[in-house]
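Data block below; observations after.
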Amino acid sequence: MHPILLSILLGLTAAAANVFGGAIIVQHHWERSYLKYFVALGAGFMLATAIMEVVPISLELGGKNAAYLILLGYLIIHFFEHTVTPHFHFGEETHKAEFAHRHTGYSVLVGLLIHTFFDGIAIASGFIVSNWLGWIIFLAVFLHKIPEGFTVASVMLASGQSRGIAWGSSMLLGAATLAGVLTMAVLRHQVSFGLPLSAGVTIYVAASDLVPEVNREPGAGVAMVVFLGVGLLFLLDRFFH
């Protein structure tokens with residue numbers, strides 16, 4: 001299958017995971033406790049993928065300029081998720097006082113839209129370079145897609161929005177992911193820019209968004225799943241690369 005077509009199909013799959021995550025928070029009867037394990041597994045796998053695979057290939061393609069782009073990708077997400085938005089974390093938002101103003105919920109949505117757009121950029125960039133890189137980036141992205149949709153729906157409900165708007169917000173995240181894939185498909189010759197930018201985004205999401213959520217959990221059980229995520233990358237590299 002052509003790598004661009006494959007990246008579009010997998011972009012749709014990742015988008016569907018966003019919508020599913022939103023459905024979990026909108027439908028009260030769905031089990032949510034397992035999400036913390038997705039967050040931990042995704043954190044370890046994303047961090048290992050970015051550092052061991054995406055960063056070295058980005059530097060190989062772009063040299064020192066790639067290092068600047070990695071830093072830029074990191075700072076872009078920091079700006080939109082934790083500078084523009086005063087209070088943000090992955091998980092169910094239970095402190096409604098933090099979201100007394102509806103515009104706060106929308107600012108979180110904007111930050112996550114930027115983030116998910118680069119998820120799509122990452123998937124397409126990976127497949128443009130190689131099938132191996134594309135698949136492991138897709139897996140890294142997919143593992144945190146359900147928590148993304150869960151988070152944005154939770155925040156929208158906490159800010160006083162309806163369940164329809166909350167679920168619609170998770171759908172917007174899915175659309176942004178697909179938009180990132182399509183953008184990179186059109187600009188496929190600019191992969192030396194897209195890949196390092198997405199590497200910086202991935203490092204930020206893993207280390208600054210997901211790992212702090214893992215650290216909020218009591219005990220060592222969830223924290224150990226981060227190591228499982230790292231080990232998963234090494235196992236895939238050993239047996240499939």
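So you can find residues: chains in the structure tokens are A, B, ... in the order shown, residues in each start at 1, and ligands are numbered from 1 in order.
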Exercise. Leaving out Ala124 in chain A and any residue of its chain fewer than 2 positions from it, which residues lie within 12 Å of it when counting only C-alpha atoms, given as a PyMOL selection string?
Worked result: chain A and resi 2-12+117-122+126-131+133-138+141+177-191+194-195+198
Range 189-216 of chain A near range 43-60 of chain A within 7 Å: what's each residue's closest atom pair and its distance in Å to one decimal, counting only C-alpha atoms, ordered by chain then ascending residue number, as a Markdown table?
| residue | atom | partner | partner_atom | distance |
| --- | --- | --- | --- | --- |
| A:Ser192 | CA | A:Ser58 | CA | 6.6 |
| A:Leu195 | CA | A:Ser58 | CA | 6.1 |
| A:Pro196 | CA | A:Ser58 | CA | 5.2 |
| A:Ala199 | CA | A:Ala50 | CA | 5.7 |
| A:Thr202 | CA | A:Ala50 | CA | 6.4 |
| A:Ile203 | CA | A:Leu47 | CA | 5.9 |
| A:Ala206 | CA | A:Ala43 | CA | 4.7 |
| A:Leu210 | CA | A:Ala43 | CA | 5.5 |
| A:Val211 | CA | A:Ala43 | CA | 6.1 |
Problem set entry | Non-local contacts of Arg163 in chain A (12 Å; only C-alpha atoms; under 4 positions in same chain excluded) as a list in words | Gly22, Ala23, Ile24, Ile25, Val26, Gln27, His28, Val152, Ala153, Ser154, Val155, Met156, Leu157, Ala158, Ser159, Trp167, Gly168, Ser169 and Ser170 of chain A
Exercise. Which of these, A:Tyr204, A:Phe193, A:Phe150, A:Phe227, has the shortest distance to Glu81 in chain A once you count only C-alpha atoms?
Worked result: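 Answer, going by the shortest atom-to-atom distance: A:Tyr204.
Counting only C-alpha atoms, the residue from A:Leu35, A:Leu113, A:Glu213, A:Leu197 that sits nearest to Tyr68 in chain A is A:Leu197.
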For this session: Output as a ChimeraX atom specification all residues of range 62-181 of chain A that backbone DSSP marks as alpha helix (DSSP H).
Result: /A:62,64-78,102-129,131-158,163-181
